[in-house]
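Participant: This one is target_19.cif, mmCIF, C-alpha atoms and all ligand atoms.
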```
data_upload
#
loop_
_atom_site.label_atom_id
_atom_site.label_comp_id
_atom_site.auth_asym_id
_atom_site.auth_seq_id
_atom_site.Cartn_x
_atom_site.Cartn_y
_atom_site.Cartn_z
CA MET A 1 43.64 56.40 20.49
CA SER A 2 47.00 56.48 18.83
CA PHE A 3 49.22 59.28 17.65
CA GLN A 4 48.95 58.21 14.00
CA LEU A 5 45.81 60.14 13.14
CA GLY A 6 47.13 63.12 15.07
CA GLU A 7 50.22 63.05 12.87
CA GLN A 8 48.03 63.81 9.87
CA ILE A 9 46.84 66.96 11.62
CA ILE A 10 50.34 68.13 12.45
CA LYS A 11 51.52 67.41 8.87
CA LYS A 12 48.69 69.43 7.46
CA LEU A 13 49.46 72.31 9.81
CA ASN A 14 53.09 72.14 8.66
CA GLU A 15 52.07 72.16 4.99
CA ASN A 16 50.23 75.38 5.68
CA GLY A 17 53.28 76.93 7.28
CA PHE A 18 52.36 76.37 10.94
CA GLU A 19 53.94 74.46 13.78
CA GLY A 20 52.12 71.66 15.58
CA PHE A 21 53.07 69.52 18.58
CA PHE A 22 51.50 66.82 20.68
CA VAL A 23 51.06 68.13 24.21
CA GLY A 24 49.36 67.40 27.52
CA GLY A 25 48.18 64.12 28.97
CA ALA A 26 48.77 62.02 25.86
CA VAL A 27 52.49 62.82 25.83
CA ARG A 28 52.72 62.24 29.59
CA ASP A 29 50.84 58.94 29.44
CA SER A 30 52.81 57.62 26.48
CA LEU A 31 56.07 58.36 28.33
CA LEU A 32 54.64 56.44 31.26
CA GLY A 33 53.68 53.55 29.01
CA ARG A 34 50.04 54.00 29.95
CA PRO A 35 47.15 53.93 27.50
CA ILE A 36 46.57 57.40 26.15
CA GLY A 37 43.25 59.21 26.29
CA ASP A 38 42.43 62.36 24.38
CA ILE A 39 45.13 63.77 22.17
CA ASP A 40 45.83 67.48 22.46
CA ILE A 41 47.74 69.36 19.81
CA ALA A 42 49.27 72.80 20.26
CA THR A 43 49.80 74.94 17.17
CA SER A 44 51.05 78.32 16.04
CA ALA A 45 47.98 78.64 13.78
CA THR A 46 45.22 80.87 15.14
CA PRO A 47 41.77 79.29 15.56
CA ASP A 48 40.38 80.94 12.41
CA ARG A 49 43.23 79.40 10.40
CA VAL A 50 42.63 75.99 11.98
CA LEU A 51 38.96 76.26 11.00
CA LYS A 52 39.97 77.01 7.42
CA ILE A 53 42.64 74.33 7.10
CA PHE A 54 40.52 71.36 8.25
CA PRO A 55 37.25 70.28 6.67
CA LYS A 56 35.69 68.88 9.83
CA THR A 57 35.92 71.11 12.86
CA ILE A 58 33.91 72.03 15.93
CA PRO A 59 34.60 75.47 17.37
CA VAL A 60 34.36 74.52 21.04
CA GLY A 61 36.37 77.26 22.67
CA ILE A 62 37.50 79.68 20.01
CA GLU A 63 37.93 82.48 22.54
CA HIS A 64 40.47 80.33 24.38
CA GLY A 65 42.06 79.17 21.18
CA THR A 66 40.60 75.68 21.01
CA VAL A 67 39.09 74.00 17.98
CA ILE A 68 38.17 70.34 17.76
CA VAL A 69 39.40 68.74 14.56
CA ARG A 70 37.70 65.50 13.52
CA VAL A 71 39.64 62.87 11.62
CA ASP A 72 38.21 59.41 11.01
CA HIS A 73 35.45 59.96 13.57
CA GLN A 74 37.96 60.86 16.25
CA SER A 75 38.31 64.24 17.92
CA PHE A 76 41.50 66.13 18.53
CA GLU A 77 41.71 69.35 20.53
CA VAL A 78 43.84 71.76 18.60
CA THR A 79 44.78 74.81 20.66
CA THR A 80 46.72 77.86 19.58
CA PHE A 81 49.92 78.57 21.55
CA ARG A 82 48.91 80.97 24.26
CA LYS A 83 50.14 82.79 27.30
CA GLU A 84 48.65 82.58 30.74
CA GLY A 85 45.79 85.07 30.86
CA LYS A 86 44.41 86.85 33.89
CA TYR A 87 41.88 84.72 35.73
CA SER A 88 39.52 87.36 37.02
CA ASP A 89 36.65 84.92 37.65
CA TYR A 90 38.70 81.79 38.46
CA ARG A 91 36.99 79.96 35.60
CA HIS A 92 38.72 80.90 32.42
CA PRO A 93 41.41 83.41 31.74
CA SER A 94 39.64 86.66 30.99
CA THR A 95 42.13 87.56 28.30
CA VAL A 96 43.96 85.22 25.99
CA ASP A 97 47.11 86.26 24.22
CA PHE A 98 48.09 84.08 21.33
CA ILE A 99 51.83 83.72 20.93
CA SER A 100 54.24 82.14 18.50
CA SER A 101 56.41 79.84 20.57
CA ILE A 102 55.72 76.44 22.03
CA GLU A 103 58.17 77.05 24.90
CA GLU A 104 56.12 80.04 25.98
CA ASP A 105 52.94 77.97 25.73
CA LEU A 106 54.39 75.21 27.91
CA LYS A 107 55.00 77.79 30.67
CA ARG A 108 51.28 78.27 31.23
CA ARG A 109 50.65 74.58 31.84
CA ASP A 110 49.99 73.29 35.33
CA PHE A 111 52.60 70.64 36.12
CA THR A 112 55.98 69.75 34.69
CA ILE A 113 54.73 66.30 33.65
CA ASN A 114 52.02 68.01 31.61
CA ALA A 115 54.36 70.56 30.05
CA ILE A 116 56.21 68.37 27.58
CA ALA A 117 55.69 68.79 23.84
CA MET A 118 56.40 66.10 21.27
CA THR A 119 57.23 66.66 17.62
CA LEU A 120 56.16 64.58 14.65
CA LYS A 121 59.50 62.76 14.87
CA ARG A 122 58.84 62.07 18.55
CA ASP A 123 61.49 64.52 19.74
CA LEU A 124 60.64 66.03 23.08
CA ILE A 125 60.63 69.66 24.12
CA ASP A 126 60.86 69.57 27.87
CA PRO A 127 61.97 72.91 29.32
CA PHE A 128 60.87 72.10 32.89
CA ASP A 129 62.38 68.63 33.24
CA GLY A 130 59.04 66.90 33.13
CA GLN A 131 60.70 63.64 32.10
CA LYS A 132 62.80 63.71 35.25
CA ASP A 133 59.67 64.23 37.36
CA ILE A 134 57.96 61.38 35.52
CA LYS A 135 60.91 59.17 36.40
CA ASN A 136 60.80 60.28 40.04
CA LYS A 137 57.01 60.16 40.11
CA LEU A 138 56.63 63.75 41.21
CA ILE A 139 53.88 66.30 40.69
CA ARG A 140 55.54 69.71 40.61
CA THR A 141 54.11 72.96 39.34
CA VAL A 142 55.63 74.78 36.41
CA GLY A 143 57.16 77.84 38.08
CA SER A 144 56.07 79.24 41.43
CA ALA A 145 53.47 77.00 43.02
CA ASP A 146 51.92 79.88 44.97
CA GLU A 147 51.45 81.92 41.83
CA ARG A 148 50.11 79.05 39.77
CA PHE A 149 47.61 77.97 42.41
CA LYS A 150 46.39 81.50 43.00
CA GLU A 151 45.96 81.99 39.27
CA ASP A 152 43.79 78.87 39.04
CA PRO A 153 43.01 77.12 42.33
CA LEU A 154 41.51 74.12 40.48
CA ARG A 155 45.11 73.10 39.83
CA MET A 156 45.34 72.03 43.49
CA MET A 157 42.63 69.44 42.86
CA ARG A 158 44.22 68.45 39.57
CA GLY A 159 47.55 67.89 41.31
CA ILE A 160 45.98 65.50 43.81
CA ARG A 161 43.98 63.89 41.04
CA PHE A 162 47.25 63.02 39.29
CA VAL A 163 48.60 61.61 42.58
CA SER A 164 45.59 59.31 42.76
CA SER A 165 45.49 58.29 39.13
CA LEU A 166 49.23 57.96 38.47
CA GLY A 167 50.52 56.92 41.88
CA PHE A 168 52.84 59.92 42.01
CA GLU A 169 53.68 62.12 45.01
CA LEU A 170 53.35 65.85 45.36
CA HIS A 171 56.72 67.57 45.34
CA SER A 172 57.29 69.01 48.81
CA ALA A 173 57.13 72.65 47.66
CA THR A 174 53.95 71.95 45.72
CA ARG A 175 52.37 70.27 48.76
CA LYS A 176 53.39 73.12 51.05
CA SER A 177 51.89 75.60 48.67
CA ILE A 178 48.54 73.80 48.55
CA LEU A 179 48.49 73.88 52.35
CA CYS A 180 48.97 77.65 52.22
CA ASN A 181 46.52 78.30 49.42
CA ASN A 182 43.83 75.67 49.98
CA ALA A 183 41.13 78.22 50.84
CA TYR A 184 41.28 79.59 47.29
CA LEU A 185 39.47 76.45 46.20
CA GLU A 186 36.27 78.16 47.37
CA LYS A 187 36.52 80.39 44.31
CA ILE A 188 36.09 77.46 41.97
CA ALA A 189 32.75 76.28 40.59
CA VAL A 190 31.63 73.14 42.40
CA GLU A 191 31.05 71.16 39.19
CA ARG A 192 34.72 71.47 38.30
CA ILE A 193 35.80 70.38 41.78
CA THR A 194 33.42 67.43 41.56
CA SER A 195 34.85 66.32 38.26
CA GLU A 196 38.37 66.20 39.73
CA PHE A 197 37.16 64.58 42.97
CA GLU A 198 35.52 61.80 41.00
CA LYS A 199 38.80 61.16 39.23
CA ILE A 200 40.48 61.00 42.64
CA LEU A 201 37.89 58.44 43.80
CA LEU A 202 38.49 56.34 40.70
CA GLY A 203 42.29 56.44 40.92
CA ASP A 204 44.33 53.27 41.33
CA SER A 205 46.33 55.07 44.01
CA LEU A 206 43.36 56.43 45.89
CA LYS A 207 45.14 55.94 49.21
CA SER A 208 47.89 58.33 48.21
CA GLY A 209 45.34 60.79 46.83
CA ILE A 210 43.36 60.78 50.09
CA SER A 211 46.53 61.07 52.10
CA GLU A 212 47.48 64.19 50.11
CA LEU A 213 43.99 65.67 50.56
CA ARG A 214 44.61 65.30 54.26
CA LYS A 215 48.19 66.56 54.35
CA THR A 216 47.28 69.64 52.36
CA LYS A 217 43.99 70.10 54.27
CA LEU A 218 42.37 70.65 50.92
CA TYR A 219 39.47 68.40 52.04
CA LEU A 220 38.31 71.24 54.29
CA TYR A 221 37.09 73.00 51.18
CA LEU A 222 35.30 70.08 49.61
CA PRO A 223 31.48 70.11 49.80
CA GLY A 224 30.23 68.51 53.01
CA LEU A 225 33.63 66.99 53.80
CA SER A 226 35.21 69.36 56.28
CA GLU A 227 34.16 67.01 59.08
CA GLU A 228 34.53 63.77 57.20
CA MET A 229 38.25 63.22 56.88
CA GLU A 230 38.10 60.08 59.01
CA ALA A 231 35.51 58.67 56.62
CA LEU A 232 37.78 59.40 53.70
CA VAL A 233 40.65 57.65 55.41
CA LYS A 234 38.48 54.65 56.17
CA TYR A 235 37.31 54.65 52.58
CA ALA A 236 40.89 54.60 51.36
CA SER A 237 41.92 51.86 53.75
CA LEU A 238 39.51 49.33 52.25
CA PRO A 239 40.63 46.86 49.64
CA HIS A 240 40.53 48.56 46.28
CA LEU A 241 37.09 48.69 44.73
CA ALA A 242 37.90 47.39 41.29
CA SER A 243 35.34 49.33 39.32
CA SER A 244 35.36 52.21 36.94
CA ASN A 245 31.78 53.04 37.83
CA VAL A 246 31.84 56.26 39.82
CA ILE A 247 28.32 55.59 41.16
CA GLU A 248 29.74 52.69 43.16
CA HIS A 249 32.52 54.82 44.58
CA TRP A 250 30.10 57.51 45.71
CA ALA A 251 27.75 54.94 47.29
CA LEU A 252 30.59 53.26 49.12
CA PHE A 253 31.90 56.55 50.33
CA CYS A 254 28.50 57.62 51.66
CA TYR A 255 28.11 54.26 53.37
CA LEU A 256 31.46 54.40 55.10
CA ALA A 257 31.11 58.04 56.03
CA LYS A 258 27.66 57.25 57.43
CA ILE A 259 26.46 60.32 55.61
CA GLU A 260 23.09 61.44 56.87
CA GLY A 261 20.79 62.91 54.28
CA ILE A 262 22.68 61.42 51.39
CA ARG A 263 20.69 63.20 48.66
CA GLN A 264 21.37 66.51 50.31
CA PHE A 265 25.05 65.69 50.62
CA LEU A 266 25.27 64.72 46.96
CA LYS A 267 23.34 67.82 45.94
CA GLN A 268 26.09 69.92 47.44
CA TRP A 269 28.40 68.42 44.83
CA LYS A 270 25.90 69.48 42.17
CA LEU A 271 25.51 66.01 40.79
CA SER A 272 22.60 65.49 38.41
CA ASN A 273 19.33 64.19 39.85
CA LYS A 274 19.72 61.05 37.77
CA LYS A 275 23.12 60.34 39.26
CA ILE A 276 21.94 61.15 42.77
CA THR A 277 19.09 58.69 42.38
CA GLU A 278 21.42 55.97 41.12
CA ILE A 279 23.82 56.48 44.01
CA ASP A 280 20.98 56.66 46.54
CA THR A 281 19.38 53.46 45.20
CA LEU A 282 22.64 51.56 45.52
CA TYR A 283 23.28 53.04 48.95
CA GLN A 284 19.81 52.09 50.21
CA LEU A 285 20.30 48.55 48.91
CA LEU A 286 23.61 48.37 50.72
CA ILE A 287 22.16 49.47 54.05
CA THR A 288 18.83 47.68 53.97
CA THR A 289 19.15 44.31 52.32
CA ASN A 290 20.26 41.16 54.02
CA ASN A 291 22.97 39.23 52.28
CA ASP A 292 20.81 37.47 49.75
CA ILE A 293 20.41 38.77 46.27
CA ASN A 294 17.28 37.14 44.92
CA GLU A 295 15.60 36.92 41.54
CA LEU A 296 13.04 39.54 42.36
CA MET A 297 15.75 42.05 43.28
CA ILE A 298 17.63 41.38 40.06
CA TYR A 299 14.40 41.85 38.12
CA LYS A 300 13.45 45.03 39.95
CA PHE A 301 16.81 46.82 39.99
CA GLY A 302 18.44 45.30 36.93
CA LEU A 303 21.61 43.27 36.55
CA GLY A 304 23.91 46.32 36.46
CA THR A 305 22.78 47.69 39.83
CA LEU A 306 22.94 44.30 41.48
CA GLN A 307 26.41 43.68 40.10
CA SER A 308 27.39 47.02 41.59
CA LEU A 309 25.86 46.04 44.92
CA ASN A 310 27.68 42.73 44.80
CA ARG A 311 31.04 44.43 44.19
CA LEU A 312 30.45 46.78 47.10
CA LYS A 313 29.55 43.88 49.37
CA LYS A 314 32.73 42.11 48.35
CA THR A 315 34.78 45.23 49.08
CA ILE A 316 33.37 45.68 52.56
CA GLY A 317 33.77 42.00 53.35
CA ARG A 318 30.14 40.91 53.28
CA ASN A 319 28.77 37.77 51.65
CA HIS A 320 28.74 38.11 47.92
CA TYR A 321 28.24 36.07 44.80
CA GLN A 322 30.42 35.17 41.86
CA GLU A 323 29.76 37.55 38.95
CA SER A 324 28.73 34.54 36.84
CA GLU A 325 26.10 33.48 39.39
CA LEU A 326 24.36 36.82 39.06
CA GLU A 327 24.60 36.71 35.28
CA ASN A 328 23.13 33.21 35.19
CA THR A 329 20.31 34.17 37.53
CA TYR A 330 19.51 37.16 35.37
CA ALA A 331 19.65 35.12 32.19
CA SER A 332 17.19 32.61 33.57
CA LEU A 333 14.60 35.12 34.77
CA PRO A 334 11.17 34.27 33.32
CA ILE A 335 10.79 37.93 32.28
CA LYS A 336 13.28 40.77 32.26
CA SER A 337 10.86 43.68 32.15
CA ARG A 338 7.16 44.50 32.30
CA LYS A 339 7.13 44.70 28.53
CA GLU A 340 7.76 40.98 28.40
CA LEU A 341 4.72 40.24 30.51
CA ALA A 342 2.12 38.31 28.47
CA ILE A 343 -0.62 40.70 29.58
CA ASN A 344 -0.98 44.42 30.13
CA GLY A 345 -3.15 46.96 31.95
CA SER A 346 -5.87 47.01 29.28
CA ASP A 347 -6.25 43.24 29.58
CA LEU A 348 -6.79 43.63 33.30
CA MET A 349 -9.44 46.33 32.84
CA LYS A 350 -11.24 44.18 30.30
CA TRP A 351 -11.16 40.98 32.37
CA LEU A 352 -12.16 42.62 35.62
CA ASN A 353 -14.47 45.11 34.00
CA GLN A 354 -13.13 47.98 36.05
CA SER A 355 -12.23 51.54 35.17
CA PRO A 356 -8.61 52.70 35.26
CA GLY A 357 -7.04 53.52 38.62
CA PRO A 358 -4.02 52.87 40.82
CA TRP A 359 -5.22 49.28 41.23
CA ILE A 360 -3.77 48.48 37.80
CA GLU A 361 -0.22 49.31 38.81
CA GLN A 362 -0.70 47.43 42.07
CA LEU A 363 -1.94 44.33 40.29
CA LEU A 364 0.71 44.48 37.60
CA LEU A 365 3.37 44.57 40.34
CA GLU A 366 1.82 41.51 41.93
CA ILE A 367 1.69 39.68 38.63
CA GLU A 368 5.29 40.54 37.90
CA ARG A 369 6.29 39.24 41.31
CA ALA A 370 4.35 36.03 40.80
CA VAL A 371 5.84 35.46 37.35
CA VAL A 372 9.40 36.20 38.45
CA ASN A 373 8.98 33.93 41.47
CA ARG A 374 7.58 31.27 39.12
CA ILE A 375 4.27 31.05 40.97
CA VAL A 376 2.54 31.54 37.67
CA SER A 377 3.90 31.10 34.17
CA ASN A 378 4.05 34.03 31.81
CA GLU A 379 1.09 33.00 29.67
CA VAL A 380 -2.20 34.81 29.19
CA ASP A 381 -4.43 31.96 30.35
CA ALA A 382 -2.30 31.11 33.33
CA ILE A 383 -2.22 34.70 34.48
CA LYS A 384 -5.94 35.09 33.96
CA GLU A 385 -6.58 32.00 36.02
CA TRP A 386 -4.18 33.15 38.74
CA ILE A 387 -5.97 36.49 39.00
CA SER A 388 -9.33 34.89 39.49
CA TRP A 389 -7.90 32.40 41.98
CA ARG A 390 -6.22 35.25 43.81
CA SER A 391 -9.43 37.27 44.02
CA GLN A 392 -11.10 34.29 45.65
CA PHE A 393 -8.35 33.17 47.99
CA GLY A 394 -6.29 36.29 48.67
CA THR A 395 -2.84 37.33 47.55
CA ASP A 396 -0.52 34.99 49.45
P1 LIG A 401 43.61 63.70 31.21
O1 LIG A 401 43.14 64.10 29.85
O2 LIG A 401 44.25 62.39 31.29
O3 LIG A 401 42.57 63.92 32.23
P2 LIG A 401 45.35 65.94 30.88
O4 LIG A 401 46.64 66.30 31.55
O5 LIG A 401 45.41 65.71 29.42
O6 LIG A 401 44.79 64.69 31.65
P3 LIG A 401 43.42 67.93 30.28
O7 LIG A 401 42.40 68.55 31.18
O8 LIG A 401 43.00 67.13 29.10
O9 LIG A 401 44.32 67.04 31.24
O10 LIG A 401 44.36 69.10 29.82
C1 LIG A 401 45.33 68.99 28.80
C2 LIG A 401 46.57 69.79 29.16
O11 LIG A 401 46.23 71.17 29.32
C3 LIG A 401 47.20 69.41 30.50
O12 LIG A 401 48.08 68.32 30.36
C4 LIG A 401 47.92 70.67 30.85
O13 LIG A 401 49.12 70.81 30.10
C5 LIG A 401 46.96 71.75 30.38
N1 LIG A 401 46.00 72.14 31.43
C6 LIG A 401 44.78 71.65 31.65
N2 LIG A 401 44.17 72.26 32.66
C7 LIG A 401 45.03 73.19 33.11
C8 LIG A 401 44.98 74.16 34.14
N3 LIG A 401 43.93 74.28 34.93
N4 LIG A 401 46.06 74.96 34.28
C9 LIG A 401 47.13 74.83 33.46
N5 LIG A 401 47.24 73.95 32.49
C10 LIG A 401 46.20 73.12 32.31
MG MG A 402 43.71 65.30 28.14
#
```
Could the structure of this file be written out as structure tokens, please?
Ligand code: ATP
Ligand code: MG
Facilitator:
Amino acid sequence: MSFQLGEQIIKKLNENGFEGFFVGGAVRDSLLGRPIGDIDIATSATPDRVLKIFPKTIPVGIEHGTVIVRVDHQSFEVTTFRKEGKYSDYRHPSTVDFISSIEEDLKRRDFTINAIAMTLKRDLIDPFDGQKDIKNKLIRTVGSADERFKEDPLRMMRGIRFVSSLGFELHSATRKSILCNNAYLEKIAVERITSEFEKILLGDSLKSGISELRKTKLYLYLPGLSEEMEALVKYASLPHLASSNVIEHWALFCYLAKIEGIRQFLKQWKLSNKKITEIDTLYQLLITTNNDINELMIYKFGLGTLQSLNRLKKTIGRNHYQESELENTYASLPIKSRKELAINGSDLMKWLNQSPGPWIEQLLLEIERAVVNRIVSNEVDAIKEWISWRSQFGTD
């Protein structure tokens, strides 16, 4: 992402008589010299005007003033200047008042580092000294921390998420306020807490993030974690797990925390069943396998999962392989999936003259194992011969 395409949007807003500014994380990250993610634009145009001005739009959150504008296959969130609404349900402001000034809009934003607007000419509007806090690496609320956290308790998690991802510290007043208001986190939908927690787990400065979760006692209000602070600390004291795969971070965490009933624990975070299964699979591999990763495992679980397992083993100081060794082993597998097997279930029924049943799956698994272990080559005749040999002399 770069600001260039976004400039087109702001220019077009200007041509139609409206103001437009870059805001949010993209401005913050560019001031930090970090790669920028999504680009947010704040504008004086109301959502219906934005919809009219741009040919390609997606009305994602009209009631909160947000329209996605698509330019060159990229999405930009264009949000009308607005005031802080009342958060009656702690999810979204129940009322949204559109306003005409960017300064007023910046007031509703969570932290000073996120409340800087940038013009087309790259001039900055920074009423809360966000640049100073960026320089001093501080996370500080815009205005009264108590008020801002009570308005939207998710901001407490966001604050610590920025500590973990940016390596900043909470400003002392902001930290104190989280300590006083931490229980309000219970008002927030678990999915939203989970999304921030995952970003904390993935942060380069995880140690600082965990340390702030502890200092502010915010962990007491995280699903299943009120008793697990020691596990979190242990987790953070390990060498950094260099992976952007959140599945690995969850599995490692569950392993270190010796979580019992891991699926149940993960369910409390409202993770999808698919994700829970992926984490559980990796976790089970971590606790049950010896140190060898063999061809059959790579075949059965796939290269990705085994690479994950290998990274986790490395992180916790167990024997592990070079990435390239795993890749080479995978590349040289005789087959990579059942589809590549020279025969299928119908062949087996025909050859053995038997009706369908669970025996087919059982036999296919055995054939796969024999092929992967190079006991038999992946050719129809060879497999046929092996099956008849096997039925005479047993499976091993
Ligand atoms: P990133 O996109 O890197 O995760 P971000 O700061 O851009 O970080 P977004 O969730 O994309 O985070 O939000 C964009 C901007 O909207 C923020 O920078 C902030 O100014 C404002 N914002 C987001 N969530 C809140 C909130 N809960 N309370 C107040 N302002 C918020
Ligand atoms: Mg963003």
Participant: Determine, counting all atoms listed in the file, which protein, DNA and RNA residues have an atom within 10 Å of an atom of stretch 173-185 of chain A; residues of the same chain fewer than 4 positions away are not included. Present the result as a VMD selection string.
Facilitator: chain A and resid 90 111 138 to 142 144 to 157 159 to 160 169 189 to 190 193 212 to 222
Participant: At a cut-off of 8 Å and counting all atoms listed in the file, what residues surround ligand LIG 401 (chain A)? Please answer as a PyMOL selection string.
Facilitator: chain A and resi 23-26+28-29+36-40+106+108-111+113-116+148+152-155+158
Participant: How many Å separate atom CA of A:Thr66 from atom CA of A:Lys132?
Facilitator: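 Atom CA of A:Thr66 sits 29.0 Å away from atom CA of A:Lys132.
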Participant: Which neighbours of stretch 69-71 of chain A fall inside 6 Å, counting only C-alpha atoms, when residues of the same chain fewer than 3 positions from it are skipped, and could you give them as a PDB file with C-alpha atoms, in the coordinates of the input?
Facilitator:
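The resulting selection-v8.pdb:
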```pdb
ATOM      1  CA  LYS A  56      35.690  68.880   9.830  1.00  0.00           C
ATOM      2  CA  THR A  57      35.920  71.110  12.860  1.00  0.00           C
ATOM      3  CA  GLN A  74      37.960  60.860  16.250  1.00  0.00           C
ATOM      4  CA  SER A  75      38.310  64.240  17.920  1.00  0.00           C
ATOM      5  CA  PHE A  76      41.500  66.130  18.530  1.00  0.00           C
TER       6      PHE A  76
END
```
Participant: Would you pick out the contacts of A:Tyr330 at 8 Å or less, using all atoms listed in the file, so that residues sharing its chain but fewer than 3 positions from it are not included, and give the list as a list in words?
Facilitator: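 Skipping anything fewer than 3 positions along the chain leaves Glu295, Ile298, Tyr299, Leu303, Leu326, Glu327, Leu333 and Lys336 of chain A.
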Participant: For the residues in that selection, give me C-alpha atoms as a PDB file, keeping the file's coordinate frame.
Facilitator:
```pdb
ATOM      1  CA  GLU A 295      15.600  36.920  41.540  1.00  0.00           C
ATOM      2  CA  ILE A 298      17.630  41.380  40.060  1.00  0.00           C
ATOM      3  CA  TYR A 299      14.400  41.850  38.120  1.00  0.00           C
ATOM      4  CA  LEU A 303      21.610  43.270  36.550  1.00  0.00           C
ATOM      5  CA  LEU A 326      24.360  36.820  39.060  1.00  0.00           C
ATOM      6  CA  GLU A 327      24.600  36.710  35.280  1.00  0.00           C
ATOM      7  CA  LEU A 333      14.600  35.120  34.770  1.00  0.00           C
ATOM      8  CA  LYS A 336      13.280  40.770  32.260  1.00  0.00           C
TER       9      LYS A 336
END
```
Participant: Set the distance at 10 Å and use all atoms listed in the file: which residues neighbour A:Tyr283 once local chain neighbours fewer than 2 positions away are removed? I'd like the list as a PyMOL selection string.
Facilitator: chain A and resi 247-248+250-255+262+277-281+285-288+309+312
Participant: Take the residues from that selection and put them in a file with C-alpha atoms, as a PDB file, in the coordinates of the input.
Facilitator:
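Full text of result10.pdb as output:
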```pdb
ATOM      1  CA  ILE A 247      28.320  55.590  41.160  1.00  0.00           C
ATOM      2  CA  GLU A 248      29.740  52.690  43.160  1.00  0.00           C
ATOM      3  CA  TRP A 250      30.100  57.510  45.710  1.00  0.00           C
ATOM      4  CA  ALA A 251      27.750  54.940  47.290  1.00  0.00           C
ATOM      5  CA  LEU A 252      30.590  53.260  49.120  1.00  0.00           C
ATOM      6  CA  PHE A 253      31.900  56.550  50.330  1.00  0.00           C
ATOM      7  CA  CYS A 254      28.500  57.620  51.660  1.00  0.00           C
ATOM      8  CA  TYR A 255      28.110  54.260  53.370  1.00  0.00           C
ATOM      9  CA  ILE A 262      22.680  61.420  51.390  1.00  0.00           C
ATOM     10  CA  THR A 277      19.090  58.690  42.380  1.00  0.00           C
ATOM     11  CA  GLU A 278      21.420  55.970  41.120  1.00  0.00           C
ATOM     12  CA  ILE A 279      23.820  56.480  44.010  1.00  0.00           C
ATOM     13  CA  ASP A 280      20.980  56.660  46.540  1.00  0.00           C
ATOM     14  CA  THR A 281      19.380  53.460  45.200  1.00  0.00           C
ATOM     15  CA  LEU A 285      20.300  48.550  48.910  1.00  0.00           C
ATOM     16  CA  LEU A 286      23.610  48.370  50.720  1.00  0.00           C
ATOM     17  CA  ILE A 287      22.160  49.470  54.050  1.00  0.00           C
ATOM     18  CA  THR A 288      18.830  47.680  53.970  1.00  0.00           C
ATOM     19  CA  LEU A 309      25.860  46.040  44.920  1.00  0.00           C
ATOM     20  CA  LEU A 312      30.450  46.780  47.100  1.00  0.00           C
TER      21      LEU A 312
END
```
Participant: Provide the atom CA of A:Asn136 to atom CA of A:Leu202 distance in Å, to one decimal place.
Facilitator: 22.7 Å
Participant: Please list as a PyMOL selection string every residue within 10 Å of A:Leu225, counting all atoms listed in the file and excluding residues in the same chain fewer than 6 positions away.
Facilitator: chain A and resi 218-219+231-232+257+259+265
Participant: Nearest to A:Leu206 among A:Thr80, A:Ser165, A:Gln392, A:Gln284, with distances taken over only C-alpha atoms: which residue is it?
Facilitator: A:Ser165
Participant: When you count only C-alpha atoms and all ligand atoms, which of these residues is closest to ligand MG 402 (chain A): A:Tyr235, A:Phe162, A:Phe197, A:Phe128?
Facilitator: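 Using only C-alpha atoms and all ligand atoms, the shortest distance to ligand MG 402 (chain A) belongs to A:Phe162.
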Participant: Kindly indicate which residue among A:Val246, A:Thr46, A:Glu196, A:Leu31 lies nearest to A:Gly130, using all atoms listed in the file for the distances.
Facilitator: A:Leu31
Participant: Could you tell me, as a ChimeraX atom specification, which residues have any atom at most 10 Å from (31.0, 39.6, 44.9), counting all atoms listed in the file?
Facilitator: /A:306-315,317-326
Participant: Report as JSON the centre and the edge lengths, in Å to one decimal, of the axis-aligned box holding every listed atom of stretch 205-209 of chain A, padded by 6 Å on each side.
Facilitator:
```
{"center_x": 45.6, "center_y": 57.9, "center_z": 46.6, "size_x": 16.5, "size_y": 17.7, "size_z": 17.2}
```
Participant: Could you add the missing atoms to stretch 301-307 of chain A, up to N, CA and C atoms, and return them as a PDB file, keeping the file's coordinate frame?
Facilitator:
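Just written: part-v1.pdb:
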```pdb
ATOM      1  N   PHE A 301      15.764  45.787  40.087  1.00  0.00           N
ATOM      2  CA  PHE A 301      16.810  46.820  39.990  1.00  0.00           C
ATOM      3  C   PHE A 301      17.699  46.656  38.769  1.00  0.00           C
ATOM      4  N   GLY A 302      17.612  45.513  38.123  1.00  0.00           N
ATOM      5  CA  GLY A 302      18.440  45.300  36.930  1.00  0.00           C
ATOM      6  C   GLY A 302      19.773  44.676  37.288  1.00  0.00           C
ATOM      7  N   LEU A 303      20.343  43.986  36.312  1.00  0.00           N
ATOM      8  CA  LEU A 303      21.610  43.270  36.550  1.00  0.00           C
ATOM      9  C   LEU A 303      22.728  44.234  36.938  1.00  0.00           C
ATOM     10  N   GLY A 304      22.813  45.380  36.233  1.00  0.00           N
ATOM     11  CA  GLY A 304      23.910  46.320  36.460  1.00  0.00           C
ATOM     12  C   GLY A 304      23.961  46.776  37.913  1.00  0.00           C
ATOM     13  N   THR A 305      22.809  47.191  38.453  1.00  0.00           N
ATOM     14  CA  THR A 305      22.780  47.690  39.830  1.00  0.00           C
ATOM     15  C   THR A 305      23.141  46.590  40.823  1.00  0.00           C
ATOM     16  N   LEU A 306      22.650  45.393  40.549  1.00  0.00           N
ATOM     17  CA  LEU A 306      22.940  44.300  41.480  1.00  0.00           C
ATOM     18  C   LEU A 306      24.400  43.855  41.402  1.00  0.00           C
ATOM     19  N   GLN A 307      24.976  43.975  40.213  1.00  0.00           N
ATOM     20  CA  GLN A 307      26.410  43.680  40.100  1.00  0.00           C
ATOM     21  C   GLN A 307      27.204  44.719  40.889  1.00  0.00           C
TER      22      GLN A 307
END
```
